[in-house]
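Enquirer: Quick one: the structure is below, and I'll ask about it shortly.
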Amino acid sequence: MAAPLLPADVLARMLAADPGRPRLTWYDDEPGPTAGERIELSARVLANWVSKAANLLQDDAAAGPGTTVGLDLPAHWRSLYWALAAWSVGATVVVDAEAAGADVLVTGSPTAAAEHGGDTVLVALPALARSHPEAGSAPGAVDEARELSTHGDLFSPMADPEPGDVALVGPGSQPRETAYGDVVGGEPSWGAAPRVVVGGALERVLRQSLAAWSADGSVVLVRGSRDDLADRFASEGVTHDAREDA
């Protein structure tokens, strides 16, 4: 029986298959200072972000199997590489309200960072941010925009997760736990190398992204809305809009 595909395997396969092909495209249509942003990450660039974040988690927070990493972030391109980083060290990703109680908190909120009792990473969402504008309000938190670049471009885990270890804890009054051996799910109807628009709550975006990537595909993630999305998706070569899936 073949070993289950783990999130770190998915990233490695994308790198081996075609490191230069776009794997994550982000559009920000939400009114505000980041409106109009478009970010495109190849497998190589995505892996670089993941390696730096994973090294930060492992070196600064001693994160590994058994550690919970809370993502107090919207469905955003930065959330995706932080999730992959947490899975690279073998930790459990926790989303929604439960994120605040995790061992390590990755958040865009200085208040949440200041109130957290453990290791915290304060994330500025703008693509060109060089520091979080309110980092001074969260003493002790790692300012991701300022410090992430100091971490290594290559990552080697101190320990690997077991297939039965919990990879993802979803939201709800009785949070759903998904093991490493089950978190990478296929979507046969998407076909090979799909170009998939993902959306919704963060947990759903994480699952959809893993499914697309495991099929040697790529994802397009959009925040906000506008009238010409159909034209945009056509220009991006989208083959499936997973936001419409039940």
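In the structure tokens, chains take letters A, B, ... by order of appearance, with residues numbered from 1 within each chain and ligands from 1 in the order shown.
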What are the nearest atom pairs, with distances in Å to one decimal, for all residues of region 74-173 of chain A that come at most 9 Å from region 47-66 of chain A, using only C-alpha atoms, set out by chain and rising residue number as a Markdown table?
Expert:
| residue | atom | partner | partner_atom | distance |
| --- | --- | --- | --- | --- |
| A:Arg78 | CA | A:Trp49 | CA | 8.9 |
| A:Leu80 | CA | A:Val50 | CA | 8.8 |
| A:Tyr81 | CA | A:Val50 | CA | 5.2 |
| A:Trp82 | CA | A:Ala53 | CA | 6.4 |
| A:Ala83 | CA | A:Val50 | CA | 8.5 |
| A:Leu84 | CA | A:Val50 | CA | 6.2 |
| A:Ala85 | CA | A:Ala54 | CA | 4.4 |
| A:Ala86 | CA | A:Ala54 | CA | 6.3 |
| A:Trp87 | CA | A:Ala54 | CA | 8.5 |
| A:Ser88 | CA | A:Ala54 | CA | 6.4 |
| A:Val89 | CA | A:Gly64 | CA | 4.9 |
| A:Gly90 | CA | A:Pro65 | CA | 4.5 |
| A:Ala91 | CA | A:Pro65 | CA | 4.8 |
| A:Thr92 | CA | A:Gly66 | CA | 6.9 |
| A:Asp103 | CA | A:Ala63 | CA | 8.6 |
| A:Val104 | CA | A:Ala61 | CA | 7.3 |
| A:Gly118 | CA | A:Ala61 | CA | 8.9 |
| A:Asp119 | CA | A:Ala61 | CA | 6.2 |
| A:Thr120 | CA | A:Ala61 | CA | 8.6 |
| A:Glu144 | CA | A:Ala53 | CA | 8.8 |
| A:Glu147 | CA | A:Leu56 | CA | 9.0 |
| A:Leu148 | CA | A:Lys52 | CA | 6.3 |
| A:Ser149 | CA | A:Lys52 | CA | 7.0 |
| A:Thr150 | CA | A:Lys52 | CA | 8.0 |
| A:His151 | CA | A:Lys52 | CA | 5.1 |
| A:Gly152 | CA | A:Lys52 | CA | 5.4 |
| A:Asp153 | CA | A:Asn48 | CA | 5.5 |
| A:Leu154 | CA | A:Ser51 | CA | 5.5 |
| A:Phe155 | CA | A:Ser51 | CA | 5.0 |
| A:Ser156 | CA | A:Asn55 | CA | 8.2 |
| A:Pro157 | CA | A:Gln58 | CA | 7.8 |
| A:Met158 | CA | A:Gly64 | CA | 7.5 |
| A:Ala159 | CA | A:Gly64 | CA | 6.7 |
| A:Asp160 | CA | A:Pro65 | CA | 7.0 |
| A:Pro161 | CA | A:Pro65 | CA | 5.6 |
| A:Glu162 | CA | A:Pro65 | CA | 8.4 |
| A:Asp165 | CA | A:Pro65 | CA | 7.7 |
| A:Val166 | CA | A:Gly66 | CA | 8.2 |
Enquirer: Write out as a PyMOL selection string all residues of region 16-185 of chain A that backbone DSSP assigns to strand (DSSP E).
Expert: chain A and resi 22-28+38-42+68-72+92-95+104-107+119-122+142-143+166-169+177-179
Enquirer: So how many Å separate CA of Ser42 (chain A) and CA of Gly237 (chain A), to one decimal?
Expert: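 Interatomic distance here is 15.5 Å.
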Enquirer: A:Ala242, A:Leu5, A:Ala179, A:Val222: which is nearest Val93 (chain A), counting only C-alpha atoms?
Expert: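 Ranked by minimum distance to Val93 (chain A), first place goes to A:Ala179.
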Enquirer: Between A:Pro139, A:Glu244, A:Ala97, A:Glu134, single out the one closest to Ala114 (chain A), counting only C-alpha atoms.
Expert: A:Pro139
Enquirer: Rank nothing, just name the residue among A:Pro133, A:Gly181, A:Gly224, A:Gly217 nearest to Gly164 (chain A), using only C-alpha atoms.
Expert: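 Closest to Gly164 (chain A), using only C-alpha atoms: A:Gly181.
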Enquirer: Would you list the contacts of Val238 (chain A) as a list in words, taking every protein, DNA or RNA residue within 7 Å and counting only C-alpha atoms, but skipping same-chain residues closer than 4 positions in sequence?
Expert: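 Final neighbour list, sorted by chain and number: Arg195, Val196, Val197, Phe233 and Ala234 of chain A.
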Enquirer: Give one line per residue of region 82-186 of chain A that approaches region 14-31 of chain A to at most 12 Å, naming the two atoms of the closest pair and their distance in Å to one decimal, counting only C-alpha atoms; sort by chain then ascending residue number and deliver it as a tab-separated table.
Expert:
residue	atom	partner	partner_atom	distance
A:Leu125	CA	A:Asp28	CA	10.6
A:Pro126	CA	A:Asp28	CA	9.9
A:Ala127	CA	A:Trp26	CA	10.4
Enquirer: Store the residues of this selection in a file with C-alpha atoms, as a PDB file, in the first residue's frame.
Expert:
ATOM      1  CA  LEU A 125      -0.492  41.747   4.464  1.00  0.00           C
ATOM      2  CA  PRO A 126       0.740  44.288   1.832  1.00  0.00           C
ATOM      3  CA  ALA A 127       3.112  42.662  -0.632  1.00  0.00           C
TER       4      ALA A 127
END
Enquirer: Hey, what's within 8 Å of Ser131 (chain A) if we count only C-alpha atoms and toss same-chain stuff fewer than 5 positions away? As a list of chain:residue names, please?
Expert: A:Ala124, A:Asp143, A:Glu144, A:Ala145, A:Arg146
Enquirer: Given the selection you just returned, output its residues as a file containing N, CA, C and O atoms, formatted as a PDB file, in the first residue's frame.
Expert:
ATOM      1  N   ALA A 124       2.207  41.548   8.234  1.00  0.00           N
ATOM      2  CA  ALA A 124       1.659  42.666   7.462  1.00  0.00           C
ATOM      3  C   ALA A 124       1.247  42.130   6.099  1.00  0.00           C
ATOM      4  O   ALA A 124       2.060  41.513   5.398  1.00  0.00           O
ATOM      5  N   ASP A 143       8.210  40.407  13.941  1.00  0.00           N
ATOM      6  CA  ASP A 143       7.686  41.216  12.843  1.00  0.00           C
ATOM      7  C   ASP A 143       8.078  40.513  11.543  1.00  0.00           C
ATOM      8  O   ASP A 143       9.212  40.616  11.080  1.00  0.00           O
ATOM      9  N   GLU A 144       7.136  39.777  10.951  1.00  0.00           N
ATOM     10  CA  GLU A 144       7.455  38.947   9.791  1.00  0.00           C
ATOM     11  C   GLU A 144       8.082  39.746   8.661  1.00  0.00           C
ATOM     12  O   GLU A 144       9.086  39.324   8.072  1.00  0.00           O
ATOM     13  N   ALA A 145       7.524  40.884   8.333  1.00  0.00           N
ATOM     14  CA  ALA A 145       8.021  41.663   7.199  1.00  0.00           C
ATOM     15  C   ALA A 145       9.469  42.088   7.397  1.00  0.00           C
ATOM     16  O   ALA A 145      10.234  42.203   6.436  1.00  0.00           O
ATOM     17  N   ARG A 146       9.856  42.303   8.631  1.00  0.00           N
ATOM     18  CA  ARG A 146      11.221  42.746   8.925  1.00  0.00           C
ATOM     19  C   ARG A 146      12.189  41.567   9.070  1.00  0.00           C
ATOM     20  O   ARG A 146      13.366  41.671   8.705  1.00  0.00           O
TER      21      ARG A 146
END
Enquirer: Identify, on the basis of only C-alpha atoms, every residue whose closest approach to region 11-13 of chain A does not exceed 8 Å; exclude the query and any residue fewer than 5 positions from it along the same chain; express the result as number ranges by chain.
Expert: A: 43, 47, 213, 216
Enquirer: Contacts of Val121 (chain A) at 9 Å or less, counting only C-alpha atoms, minus same-chain residues fewer than 6 places along, as number ranges by chain?
Expert: A: 104-108, 113, 141-144
Enquirer: Write out as number ranges by chain all residues of region 35-215 of chain A that backbone DSSP assigns to alpha helix (DSSP H).
Expert: A: 43-60, 77-88, 110-115, 144-147, 180-183, 202-214
Enquirer: Can you write just those residues out, C-alpha atoms, as a PDB file, in the first residue's frame?
Expert:
ATOM      1  CA  ALA A  43       6.762  26.676  -7.290  1.00  0.00           C
ATOM      2  CA  ARG A  44      10.323  27.875  -6.709  1.00  0.00           C
ATOM      3  CA  VAL A  45       9.263  31.202  -5.209  1.00  0.00           C
ATOM      4  CA  LEU A  46       6.490  29.612  -3.144  1.00  0.00           C
ATOM      5  CA  ALA A  47       8.973  27.062  -1.780  1.00  0.00           C
ATOM      6  CA  ASN A  48      11.334  29.895  -0.849  1.00  0.00           C
ATOM      7  CA  TRP A  49       8.644  31.616   1.220  1.00  0.00           C
ATOM      8  CA  VAL A  50       7.718  28.293   2.806  1.00  0.00           C
ATOM      9  CA  SER A  51      11.342  27.488   3.681  1.00  0.00           C
ATOM     10  CA  LYS A  52      11.916  30.835   5.357  1.00  0.00           C
ATOM     11  CA  ALA A  53       8.694  30.589   7.362  1.00  0.00           C
ATOM     12  CA  ALA A  54       9.399  26.966   8.299  1.00  0.00           C
ATOM     13  CA  ASN A  55      12.901  27.859   9.471  1.00  0.00           C
ATOM     14  CA  LEU A  56      11.440  30.650  11.583  1.00  0.00           C
ATOM     15  CA  LEU A  57       8.936  28.270  13.160  1.00  0.00           C
ATOM     16  CA  GLN A  58      11.497  25.563  13.819  1.00  0.00           C
ATOM     17  CA  ASP A  59      14.393  27.773  14.943  1.00  0.00           C
ATOM     18  CA  ASP A  60      12.600  30.539  16.851  1.00  0.00           C
ATOM     19  CA  TRP A  77      -1.552  34.287  -0.269  1.00  0.00           C
ATOM     20  CA  ARG A  78       0.452  34.745   2.919  1.00  0.00           C
ATOM     21  CA  SER A  79      -1.838  32.298   4.750  1.00  0.00           C
ATOM     22  CA  LEU A  80      -1.010  29.610   2.198  1.00  0.00           C
ATOM     23  CA  TYR A  81       2.742  29.723   2.663  1.00  0.00           C
ATOM     24  CA  TRP A  82       2.376  29.859   6.453  1.00  0.00           C
ATOM     25  CA  ALA A  83       0.168  26.758   6.355  1.00  0.00           C
ATOM     26  CA  LEU A  84       2.685  24.945   4.155  1.00  0.00           C
ATOM     27  CA  ALA A  85       5.458  26.051   6.524  1.00  0.00           C
ATOM     28  CA  ALA A  86       3.614  24.660   9.540  1.00  0.00           C
ATOM     29  CA  TRP A  87       3.055  21.377   7.707  1.00  0.00           C
ATOM     30  CA  SER A  88       6.734  21.317   6.696  1.00  0.00           C
ATOM     31  CA  PRO A 110      -1.220  43.506  17.052  1.00  0.00           C
ATOM     32  CA  THR A 111      -3.864  43.123  19.762  1.00  0.00           C
ATOM     33  CA  ALA A 112      -4.083  39.351  19.269  1.00  0.00           C
ATOM     34  CA  ALA A 113      -0.293  39.136  19.215  1.00  0.00           C
ATOM     35  CA  ALA A 114       0.032  41.145  22.429  1.00  0.00           C
ATOM     36  CA  GLU A 115      -2.588  39.032  24.217  1.00  0.00           C
ATOM     37  CA  GLU A 144       7.455  38.947   9.791  1.00  0.00           C
ATOM     38  CA  ALA A 145       8.021  41.663   7.199  1.00  0.00           C
ATOM     39  CA  ARG A 146      11.221  42.746   8.925  1.00  0.00           C
ATOM     40  CA  GLU A 147      12.624  39.388  10.030  1.00  0.00           C
ATOM     41  CA  TYR A 180      -1.742  14.263   7.749  1.00  0.00           C
ATOM     42  CA  GLY A 181      -2.609  11.101   5.863  1.00  0.00           C
ATOM     43  CA  ASP A 182      -5.993  12.513   4.852  1.00  0.00           C
ATOM     44  CA  VAL A 183      -5.459  16.257   4.410  1.00  0.00           C
ATOM     45  CA  LEU A 202      -9.471  29.806   5.124  1.00  0.00           C
ATOM     46  CA  GLU A 203      -9.909  26.106   5.937  1.00  0.00           C
ATOM     47  CA  ARG A 204     -11.687  25.548   2.635  1.00  0.00           C
ATOM     48  CA  VAL A 205      -9.056  27.488   0.700  1.00  0.00           C
ATOM     49  CA  LEU A 206      -6.304  25.384   2.266  1.00  0.00           C
ATOM     50  CA  ARG A 207      -8.034  22.133   1.345  1.00  0.00           C
ATOM     51  CA  GLN A 208      -8.851  23.274  -2.202  1.00  0.00           C
ATOM     52  CA  SER A 209      -5.296  24.484  -2.766  1.00  0.00           C
ATOM     53  CA  LEU A 210      -3.788  21.181  -1.626  1.00  0.00           C
ATOM     54  CA  ALA A 211      -6.184  19.321  -3.929  1.00  0.00           C
ATOM     55  CA  ALA A 212      -5.270  21.460  -6.945  1.00  0.00           C
ATOM     56  CA  TRP A 213      -1.539  21.260  -6.259  1.00  0.00           C
ATOM     57  CA  SER A 214      -1.665  17.493  -5.710  1.00  0.00           C
TER      58      SER A 214
END
Enquirer: Choose the residue, out of A:Ser189, A:Thr178, A:Thr34, A:Ser225, that has the smallest atom-to-atom separation from Asp245 (chain A); count only C-alpha atoms.
Expert: A:Ser189
Enquirer: Can you tell me how far CA of Gly101 (chain A) sits from CA of Leu71 (chain A), in Å to one decimal?
Expert: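 Interatomic distance here is 10.5 Å.
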Enquirer: Enter the distance from CA of His240 (chain A) to CA of Leu221 (chain A), in Å, rounded to one decimal.
Expert: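 Here the two named atoms are 12.3 Å from each other.
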Enquirer: Hey, which of A:Ala100, A:Ala129, A:Ala2, A:Ala167 ends up closest to His116 (chain A)? Count only C-alpha atoms.
Expert: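 Ranked by minimum distance to His116 (chain A), first place goes to A:Ala100.
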